[in-house]
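What follows is a set of notes on a single structure, which appears directly below.
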Amino acid sequence: MEMISTQSSSKKKVAASVAALFTVLLLFTFRPVLGNEHERSSINGEGENILLMSRGTTEIHRKLLGGKESGRIELDRIRGGDNCSNSDIIVSQSPTSSMPHGIPTFSVEILNNCFTGCNISGIHLKCGWFSSVNLINPKIFKRLKFDDCLVNDGKPLLNGSLINFKYSTTRLFPLSVSSVICG
């Protein structure tokens with residue numbers, strides 16, 4: 001009898017060790033920020049907390065929950081108000097195949113993701129000294145001045161609509177929404 005309980009105890013210890021190792025592996029596998037990525041939290045001009053995660057040359061912006069003002073706006077929107085916010089416009093970029101002379105090319109997608117069905121106009125992006133070797137249709141995207149680019153010629157971007165374009169330059173330009181007009 002003693003030998004059976006010793007074997008059973010050993011099996012339980014092995015099973016517990018395997019379960020602990022598996023849990024640790026899962027935590028590291030599904031962790032959103034790993035390796036050479038850096039993250040920092042800041043408060044934007046509207047008092048919202050923003051999580052900035054850098055992955056090499058790209059920067060991802062995520063709105064963090066919290067803040068007195070952001071909670072009130074989100075509650076109004078859930079109740080059916082047609083308010084919208086900068087976070088309803090999603091800007092994503094990715095590298096694509098380079099131009100023939102080796103100049104990097106980037107694809108940009110700008111999406112109206114307003115869940116209350118709102119159309120958003122007057123979309124301005126922070127874009128630094130944005131420039132491109134290839135011509136971009138100015139009715140789709142144009143730089144007005146330093147750090148101010150206009151999307152869709154200021155016209156409404158319908159709910160669920162997507163605008164995309166490609167630009168070529170030596171580096172990726174961080175693009176983020178600076179202002180929108182709800183309507």
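Identifiers for the structure tokens are assigned positionally: chains receive A, B, ... in sequence, residues are indexed from 1 per chain, and ligands are indexed from 1 in the order shown.
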
Just the residues within 12 Å of Asn159 of chain A, please, counting only C-alpha atoms, with nothing from its chain fewer than 5 positions along; format it as an NGL selection string.
-> :A and (82 or 84 or 88-90 or 110-121 or 182-183)

Please provide as number ranges by chain all residues within 9 Å of Lys139 of chain A, with the sequence filter that same-chain residues fewer than 3 positions apart are discarded (counting only C-alpha atoms).
-> A: 136, 142, 150-154

May I ask which of the residues A:Ile140, A:Leu125, A:Val133, A:Val108 is the closest one to Ser168 of chain A, counting only C-alpha atoms?
->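 The answer is A:Val133, which sits nearest to Ser168 of chain A.
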
Nearest to Ser132 of chain A: which of A:Ser94, A:Lys13, A:Ser107, A:Ser176 is it, counting only C-alpha atoms?
->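 The closest residue to Ser132 of chain A is A:Ser107.
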
Shell of 8 Å around Phe146 of chain A, only C-alpha atoms, local chain residues under 3 positions omitted, as a ChimeraX atom specification | /A:127-130,143

In Å to one decimal, how far is atom CA of Phe141 of chain A from atom CA of Gly102 of chain A?
->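 That distance, rounded to one decimal, is 23.6 Å.
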